[in-house]
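Below you'll find the structure, written out as structure tokens, and then a few comments.
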Amino acid sequence: MKVKVFRRMSGVMSLWFVIVVLCAGCGRAGETRQGERGMASGAGGPGQSAAKSTEREIVVATSSESGGLDPAGNIALTYLAYSATALDELLTYDGDGTIDYRAAASYEVNGDYTMWTFHLREDARWSDGSAVCADDFVNTMTRALRPESGSGYVNYLFPIQNAEAIYQGGAEMESLGVETPDPHTLVFHLERPCVYFLDLLRLPVYMPSCTKYAKAAGGSWDKNPETSMSNGPFFLAKYVPEQYFVLEKNPYYWNADAVWLEKITFRFFDSQEAMAVAYESGAVDVACGVQSVMAKVYEGEADLMITDAIATRYIYPNLDVEPLGDVRVRKALSLAVNREELCEMAGAEAEATGHFIAKYMVDRATGNYYVEEMPKFFAQSEDVAAAVPEENGPGKAASFEENMDTARRLLAEAGYPGGEGFPKLVYKYPSLELDADVAQILQEQWKKNLGIDVELQAQELQVNYSERKAGRFDLCRMNWTADFADPYTYLSMLLSNSPYNCSGICDARYDALVRQSEGETDVKKRAELICQAERLAVEEKCYVIPLFSVRNVNLVRPGIEGITQVPATGALELRHARWE
């Protein structure tokens with residue numbers, strides 16, 4: 001194994017790096033796998049398949065464990081891996097923008113987009129064989145609307161009549177604008193028109209949870225195979241904390257004949273390098289989101305699968321921490337970042353961006369990327385117009401250049417000429433390899449360009465998530481992957497009432513622009529409102545500091561077919577995977 005890894009990585013990565021990765025990545029994964037399935041015959045050498053093609057199973061490497069599996073509770077990356085194969089939303093969109101009906105068989109909407117009626121499949125079953133009913137969908141919504149559930153997605157229920165008032169304690173749960181006239185009909189009454197309501201249906205708070213077992217958030221039912229029911233192609237068969245979880249084919253699934261795999265095992269890894277090494281050793285068949293350098297290592301080989309990540313990596317400045325409450329300081333920090341230098345370090349799959357909205361998010365109405373149709377970041381601002389060369393023009397991919405004169409002037413106007421007297425800020429980030437490298441470059445750039453000191457603090461992923469959500473940070477790394485295919489998935493995070501607004505933003509003008517965009521049915525007018533809202537947040541107020549987007553580098557064992565990309569998020573879709 002060591003010889004092969006080094007041979008393939010030579011000229012790209014140092015021997016020291018390979019040795020560190022091998023030592024750090026192989027131990028736990030190999031031990032747990034051998035203990036469960038007897039790896040001696042399944043993956044005897046480098047590059048061999050973890051699951052033989054005669055076995056209807058695959059093993060997938062995923063990020064370290066974070067959050068629960070209850071769609072109404074506090075969820076993170078682990079839920080996203082689980083739900084994509086274990087839960088059916090009412091409906092979704094395929095890569096061509098065509099509706100893919102799943103738990104619902106059909107729907108209707110009234111003329112002003114305020115009443116949506118969904119007719120559920122009568123043959124839909126939970127993994128214990130019981131019927132999936134409209135009340136199962138209501139169960140998730142009502143539990144999420146209880147603040148103690150800790151849902152980070154509850155604000156996406158607020159388009160429903162009285163949902164926000166219920167969450168704030170100003171209305172009773174019985175007043176929620178959702179009807180279930182019969183077990184297979186679900187009717188939503190909205191507070192105002194919502195043209196993108198169908199996109200919301202793939203969010204956790206709109207997923208079903210079995211009323212027989214899912215009675216509270218924060219318990220252990222969601223990771224217990226005896227009580228964690230699934231209405232999708234696979235169900236939870238085993239969950240070993242901090243090691244792996246196993247999904248097996250749901251024999252009661254309404255479309256079971258289209259599901260070839262019998263088993264998917266998701267193994268947790270603490271680093272991208274460890275995932276890549278596990279793939280090299282044959283311990284896993286699919287490694288999602290490995291480090292960018294692996295695109296060079298596997299260039300020209302069938303293993304490599306690069307997908308557009310509908311994501312933006314950016315920095316949250318905490319407005320409640322001085323001097324970050326001063327917009328001049330936030331602008332100075334943003335203008336002092338050389339994004340091209342960051343991308344050179346991050347690898348060929350990284351592209352600089354000045355947009356909060358994901359670079360690769362497609363507007364279904366036009367077929368173009370949203371950001372291609374929007375004025376370029378900073379292009380209209382007197383303070384920062386020079387940050388982007390004129391040849392880029394509106395909507396072009398940025399070739400960012402730092403504007404030191406403007407950044408230093410703004411910092412001096414804020415009372416810190418040359419960085420003098422500037423308090424030491426702490427930049428918190430997950431202890432992942434790319435984020436650690438980015439943090440060091442940011443630290444160097446801010447010191448060199450502004451004369452300020454920023455302390456770096458690496459944290460475990462779950463700790464970083466919890467600290468950020470609690471608002472315990474000065475500057476914090478964020479990487480937001482779209483939850484659905486509409487810019488609202490980004491813009492809504494900065495609303496005054498959003499659970500993900502953890503940096504003290506309270507801007508009535510911004511809220512009004514985003515609210516207007518929600519119900520605007522004219523495509524062009526809505527795009528203009530979205531553009532205005534993003535420019536206000538990113539250019540004028542610098543509530544977020546965008547850095548770059550990274551395309552996903554995935555490794556997939558040759559011989560596995562049927563893996564596609566989820567259009568809304570860019571994640572891999574595994575439910576139809578099969579061996580040749």
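Here's how to read the names in the structure tokens: chain A, B, ... by the order shown, residue numbers from 1 in each chain, ligand numbers from 1 in the order shown.
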Practice problem: Give me the residues within 10 Å of A:Phe235 as a PyMOL selection string, counting only C-alpha atoms and dropping any in the same chain fewer than 2 places off. | Solution: chain A and resi 82-83+85-87+126-128+225+228-233+237-238+246-251+253+263-264
Exercise. For stretch 493-502 of chain A, work out the shell of residues within 8 Å, counting only C-alpha atoms and skipping chain neighbours fewer than 4 positions away, then give it as JSON, numbers by chain.
Key: {"A": [151, 152, 153, 154, 155, 318, 468, 469, 470, 471, 489, 506, 507, 508, 510, 511]}
Go ahead and write the residues just picked, C-alpha atoms, as a short mmCIF file (atom, residue, chain, number, x, y, z; two decimals), in the first residue's frame.
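Done, and the output landed in selection_15.cif:
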data_model
loop_
_atom_site.label_atom_id
_atom_site.label_comp_id
_atom_site.auth_asym_id
_atom_site.auth_seq_id
_atom_site.Cartn_x
_atom_site.Cartn_y
_atom_site.Cartn_z
CA SER A 151 -33.79 22.76 14.61
CA GLY A 152 -31.57 24.94 12.45
CA TYR A 153 -34.09 24.74 9.61
CA VAL A 154 -37.23 25.81 11.46
CA ASN A 155 -37.31 29.22 9.75
CA ASN A 318 -19.36 38.60 14.65
CA ARG A 468 -20.54 29.24 15.90
CA LYS A 469 -24.20 28.53 16.53
CA ALA A 470 -23.84 29.87 20.07
CA GLY A 471 -22.18 33.06 18.77
CA THR A 489 -31.11 29.06 0.87
CA CYS A 506 -30.38 42.78 12.34
CA ASP A 507 -31.06 44.74 9.17
CA ALA A 508 -34.64 45.78 8.40
CA TYR A 510 -32.16 43.51 4.10
CA ASP A 511 -35.09 41.61 5.62
#
Quiz item: So, counting only C-alpha atoms, which residue among A:Phe268, A:Phe548, A:Tyr167, A:Tyr488 is closest to A:Gly519?
Solution: A:Tyr488
Exercise. Check the smallest atom-to-atom distance from each of A:Ser492, A:Asn224, A:Asn554, A:Gln462 to A:Ala76 using only C-alpha atoms, then report the winner.
Key: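 Among the listed residues, the smallest separation from A:Ala76 belongs to A:Gln462.
In this structure, atom CA of A:Leu456 sits 22.5 Å away from atom CA of A:Met404.
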Quiz item: Got a sec to tell me which of stretch 106-253 of chain A DSSP assigns to alpha helix (DSSP H), as a VMD selection string?
Solution: chain A and resid 134 to 144 163 to 167 197 to 200
Quiz prompt | Given only C-alpha atoms as the counted atoms, nearest of A:Ile530, A:Val109, A:Met361, A:Leu120 to A:Val132 | solution =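 Checking each of A:Ile530, A:Val109, A:Met361, A:Leu120 against A:Val132, counting only C-alpha atoms, the winner is A:Leu120.
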Quiz item: Using only C-alpha atoms, which residues sit within 12 Å of A:Gly347 once same-chain residues fewer than 2 positions away are excluded, as a PyMOL selection string?
Solution: chain A and resi 12+290-296+340-345+349-352+434+437-438+548-553
Quiz prompt | Residue among A:Ser175, A:Asn110, A:Thr142, A:Gln272 lying closest to A:Pro208, counting only C-alpha atoms | solution =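 Between A:Ser175, A:Asn110, A:Thr142, A:Gln272, the residue approaching A:Pro208 most closely is A:Thr142.
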Self-check item: Non-local contacts of A:His184 (6 Å; only C-alpha atoms; under 3 positions in same chain excluded) as number ranges by chain
Solution: A: 119-120, 133-134
Quiz item: If you measure from atom CA of A:Tyr360 to atom CA of A:Asp308, what distance in Å do you get, rounded to one decimal?
Solution: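 Between atom CA of A:Tyr360 and atom CA of A:Asp308 the gap works out to 6.4 Å.
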Quiz item: Leaving out A:Gln516 and any residue of its chain fewer than 5 positions from it, which residues lie within 12 Å of it when counting only C-alpha atoms, given as a PyMOL selection string?
Solution: chain A and resi 192-195+488+509-511+521-522+525-530+532-533
Can those selected residues be exported to a file as a PDB file, in the first residue's frame so that it contains N, CA and C atoms?
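Generated file (out13.pdb):
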ATOM      1  N   ARG A 192     -48.043  34.093   2.775  1.00  0.00           N
ATOM      2  CA  ARG A 192     -47.905  34.936   1.602  1.00  0.00           C
ATOM      3  C   ARG A 192     -47.420  34.054   0.460  1.00  0.00           C
ATOM      4  N   PRO A 193     -47.490  34.540  -0.778  1.00  0.00           N
ATOM      5  CA  PRO A 193     -47.028  33.723  -1.906  1.00  0.00           C
ATOM      6  C   PRO A 193     -45.573  33.289  -1.734  1.00  0.00           C
ATOM      7  N   CYS A 194     -45.290  32.076  -2.141  1.00  0.00           N
ATOM      8  CA  CYS A 194     -43.925  31.538  -2.060  1.00  0.00           C
ATOM      9  C   CYS A 194     -43.672  30.750  -3.332  1.00  0.00           C
ATOM     10  N   VAL A 195     -42.992  31.379  -4.284  1.00  0.00           N
ATOM     11  CA  VAL A 195     -42.842  30.781  -5.604  1.00  0.00           C
ATOM     12  C   VAL A 195     -41.879  29.598  -5.613  1.00  0.00           C
ATOM     13  N   TYR A 488     -32.523  31.709  -2.045  1.00  0.00           N
ATOM     14  CA  TYR A 488     -33.070  31.922  -0.710  1.00  0.00           C
ATOM     15  C   TYR A 488     -32.360  31.061   0.332  1.00  0.00           C
ATOM     16  N   ARG A 509     -33.775  46.672   6.308  1.00  0.00           N
ATOM     17  CA  ARG A 509     -33.774  46.854   4.856  1.00  0.00           C
ATOM     18  C   ARG A 509     -33.452  45.534   4.144  1.00  0.00           C
ATOM     19  N   TYR A 510     -32.487  44.815   4.680  1.00  0.00           N
ATOM     20  CA  TYR A 510     -32.157  43.509   4.100  1.00  0.00           C
ATOM     21  C   TYR A 510     -33.345  42.557   4.226  1.00  0.00           C
ATOM     22  N   ASP A 511     -33.945  42.493   5.410  1.00  0.00           N
ATOM     23  CA  ASP A 511     -35.093  41.615   5.620  1.00  0.00           C
ATOM     24  C   ASP A 511     -36.202  41.911   4.619  1.00  0.00           C
ATOM     25  N   THR A 521     -43.455  36.850  -8.392  1.00  0.00           N
ATOM     26  CA  THR A 521     -43.656  35.838  -9.430  1.00  0.00           C
ATOM     27  C   THR A 521     -43.001  36.212 -10.753  1.00  0.00           C
ATOM     28  N   ASP A 522     -42.684  37.489 -10.937  1.00  0.00           N
ATOM     29  CA  ASP A 522     -41.988  37.919 -12.142  1.00  0.00           C
ATOM     30  C   ASP A 522     -40.508  37.543 -12.008  1.00  0.00           C
ATOM     31  N   LYS A 525     -37.974  40.540 -12.041  1.00  0.00           N
ATOM     32  CA  LYS A 525     -38.068  41.380 -10.851  1.00  0.00           C
ATOM     33  C   LYS A 525     -37.512  40.651  -9.631  1.00  0.00           C
ATOM     34  N   ARG A 526     -37.782  39.359  -9.557  1.00  0.00           N
ATOM     35  CA  ARG A 526     -37.269  38.595  -8.413  1.00  0.00           C
ATOM     36  C   ARG A 526     -35.747  38.545  -8.448  1.00  0.00           C
ATOM     37  N   ALA A 527     -35.167  38.358  -9.646  1.00  0.00           N
ATOM     38  CA  ALA A 527     -33.707  38.334  -9.761  1.00  0.00           C
ATOM     39  C   ALA A 527     -33.100  39.664  -9.320  1.00  0.00           C
ATOM     40  N   GLU A 528     -33.777  40.750  -9.629  1.00  0.00           N
ATOM     41  CA  GLU A 528     -33.281  42.068  -9.226  1.00  0.00           C
ATOM     42  C   GLU A 528     -33.298  42.218  -7.709  1.00  0.00           C
ATOM     43  N   LEU A 529     -34.359  41.731  -7.070  1.00  0.00           N
ATOM     44  CA  LEU A 529     -34.444  41.804  -5.614  1.00  0.00           C
ATOM     45  C   LEU A 529     -33.359  40.955  -4.960  1.00  0.00           C
ATOM     46  N   ILE A 530     -33.135  39.772  -5.506  1.00  0.00           N
ATOM     47  CA  ILE A 530     -32.094  38.887  -4.981  1.00  0.00           C
ATOM     48  C   ILE A 530     -30.728  39.561  -5.104  1.00  0.00           C
ATOM     49  N   GLN A 532     -30.093  42.789  -5.258  1.00  0.00           N
ATOM     50  CA  GLN A 532     -30.009  43.902  -4.306  1.00  0.00           C
ATOM     51  C   GLN A 532     -29.714  43.404  -2.902  1.00  0.00           C
ATOM     52  N   ALA A 533     -30.379  42.328  -2.508  1.00  0.00           N
ATOM     53  CA  ALA A 533     -30.172  41.789  -1.159  1.00  0.00           C
ATOM     54  C   ALA A 533     -28.735  41.300  -0.989  1.00  0.00           C
TER      55      ALA A 533
END
Report as a CSV table (one decimal) with C-alpha atoms, in the first residue's frame: the residues of stretch 310-497 of chain A with a DSSP assignment of strand (DSSP E or B), based on the backbone of this structure.
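Output contents, as saved in states_38.csv:
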chain,number,residue,atom,x,y,z
A,311,ALA,CA,-21.3,25.8,-1.9
A,312,THR,CA,-19.5,28.9,-0.8
A,313,ARG,CA,-16.6,29.1,1.7
A,314,TYR,CA,-16.7,32.3,3.5
A,315,ILE,CA,-16.0,34.1,6.9
A,316,TYR,CA,-18.6,35.2,9.4
A,317,PRO,CA,-17.5,38.3,11.3
A,350,ALA,CA,-11.0,26.1,-6.2
A,351,GLU,CA,-12.3,29.3,-7.8
A,352,ALA,CA,-12.3,32.7,-6.2
A,362,VAL,CA,-28.3,27.2,-11.7
A,369,TYR,CA,-25.7,30.3,-13.1
A,425,LEU,CA,-9.2,38.8,17.1
A,426,VAL,CA,-9.5,35.0,17.1
A,427,TYR,CA,-10.3,33.1,13.8
A,428,LYS,CA,-12.0,29.8,14.6
A,429,TYR,CA,-12.1,27.0,12.0
A,430,PRO,CA,-12.6,23.3,11.7
A,454,VAL,CA,-5.3,37.4,14.2
A,455,GLU,CA,-5.0,34.4,16.4
A,456,LEU,CA,-5.9,31.0,14.9
A,457,GLN,CA,-7.9,28.4,16.8
A,458,ALA,CA,-8.6,25.0,15.2
A,459,GLN,CA,-11.5,23.0,16.5
A,475,LEU,CA,-14.2,35.5,13.0
A,476,CYS,CA,-15.5,32.0,12.0
A,477,ARG,CA,-15.0,29.9,8.9
A,478,MET,CA,-18.2,28.9,7.2
A,479,ASN,CA,-18.8,26.6,4.3
A,480,TRP,CA,-22.5,26.5,3.2
A,481,THR,CA,-23.7,23.9,0.8
Quiz item: atom CA of A:Gly289 and atom CA of A:Tyr156, how far apart in Å?
Solution: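 Those two atoms sit 27.1 Å apart.
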A:Asp285: which residues within 6 Å, counting only C-alpha atoms, same-chain residues fewer than 5 positions away excluded, as an mmCIF file with C-alpha atoms, in the first residue's frame?
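The resulting file, selection.cif, is reproduced below:
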data_model
loop_
_atom_site.group_PDB
_atom_site.id
_atom_site.type_symbol
_atom_site.label_atom_id
_atom_site.label_comp_id
_atom_site.auth_asym_id
_atom_site.auth_seq_id
_atom_site.Cartn_x
_atom_site.Cartn_y
_atom_site.Cartn_z
ATOM 1 C CA ALA A 50 -14.001 -3.130 -0.495
ATOM 2 C CA ILE A 58 -20.772 -0.541 -1.150
ATOM 3 C CA VAL A 59 -18.779 1.186 1.575
ATOM 4 C CA VAL A 60 -18.653 4.989 1.619
ATOM 5 C CA ARG A 557 -14.419 2.485 -7.530
#
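Taking only C-alpha atoms into account, A:Asp257 lies nearest to A:His576 out of the set A:His576, A:Glu467, A:Tyr79, A:Lys447.
Remark: for A:Pro423, the closest of the candidate residues A:Ala407, A:Ala278, A:Val523, A:Val321 is A:Val321 (distances computed over only C-alpha atoms).
Neighbours of stretch 410-417 of chain A closer than or equal to 9 Å, with only C-alpha atoms counted and sequence neighbours fewer than 5 positions away skipped, come out as Pro323, Asp326, Val327, Arg328, Val329, Arg330, Lys331, Ala332, Leu333, Asp383, Asp405, Phe422, Leu450 and Gly451 of chain A.
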